[in-house]
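First the structure, in the form of structure tokens, and then the observations on it.
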Amino acid sequence: MNSTSSPGSRSGLPGRLKRPRLYEQLAEHISNFIEAQGLSPGDRLPPERSLAAELGVSRASLAQALVALEIRGRVEIQHGNGAVIREAPTPDAGRSADSGVRLKDRTVDELTAAREAIMAGLARAAASNPNAALRVAMLTDDGTARNFAETWRCVRHLAGGGLLADLDDTIAQQADVPESSVRLSARLDRLAHRIIDGDPSGAADAVAGILSDTA
């Protein structure tokens, strides 16, 4: 009995094309906008709310795009000032920096600082999530924050994954997990409420020191 491939068979067909994620497209679009407008280091992009409306995207997607640009060194997100333009890095410098990164060669302090920076970006994106009901779900039934692992799982879900989540996964394998303490609980509570209030800058600020100052 001869076997024939069905019309729906994928045998011999190439794999699916990998489409860039929305935040990656946004990051590229904003980078092109910076160049087209001739913006210089120190200039500011429009506020997130108006920029998201102008681009027709959610603030969560925009927040992820801005953090991606911050990682590339194209902008710096400053509390109270928004996204400020930085000097554009040269392509060669970027490749050299990437190829030279070896997590195993980094100190605990370096890994902790790097993860806190990534966590701040995820917290910012989580607070920008337009679904208020999902944000409120960060708290337990009695209105208190969950433990670190559960809180961070909620933040990751609200942030929508992406590049920052991948980086967080990578560094989390090398960085220490904070031990439970009264101070950590207070920080988690503040983080949760900033996200629930839809305050991206406040959520990012609440992450500062969450891994290194929990004694």
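The way I read the labels, and the way they are meant: chains A, B, ... in the order of the structure tokens, residue 1 as the first residue of every chain, and ligand 1 as the first ligand shown, with later ones counted on from there.
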Which polymer residues have any atom within 8 Å of an atom of segment 166-180 of chain A, counting only C-alpha atoms, with same-chain residues fewer than 5 positions away left out, as a PyMOL selection string? chain A and resi 103-104+108+111-112+114-115+118-119+147-148+161+185+210-212+214
Using only C-alpha atoms, which of the listed residues (A:Ala192, A:Val207, A:Ala83, A:Ala68) sits closest to Thr140 of chain A? A:Ala192
Let me make sure I understand: among A:Ala52, A:Ile196, A:Leu62, A:Ala36, which one has the smallest atom-to-atom distance to Arg135 of chain A if we use only C-alpha atoms?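 Once distances to Arg135 of chain A are computed over only C-alpha atoms, the minimum belongs to A:Ile196.
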Which one of A:Ser50, A:Thr107, A:Gln25, A:Gln64 sits closest to Leu164 of chain A if you count only C-alpha atoms?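 That would be A:Gln64, the residue with the smallest distance to Leu164 of chain A.
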Contact residues around segment 27-34 of chain A with only C-alpha atoms at 9 Å, ignoring same-chain residues under 4 positions, as a list in words: Leu22, Tyr23, Gly38, Leu39, Ser40, Leu45, Leu62, Gln64, Ala65, Leu66, Val67, Ala68, Leu69, Arg74 and Ile85 of chain A
Please report, as a list in words, each residue of segment 7-79 of chain A to which DSSP assigns strand (DSSP E) when run on this structure's backbone.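 Of segment 7-79 of chain A, only Val75, Glu76, Ile77 and Gln78 of chain A fall in strand (DSSP E).
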Of the candidates A:Ala113, A:Ala53, A:Cys154, A:Val75, which one gets nearest to Gly209 of chain A if we count only C-alpha atoms?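 Counting only C-alpha atoms, the residue closest to Gly209 of chain A is A:Ala113.
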Pairwise distance, atom CA of Pro47 of chain A with atom CA of Asn81 of chain A, equals 8.5 Å
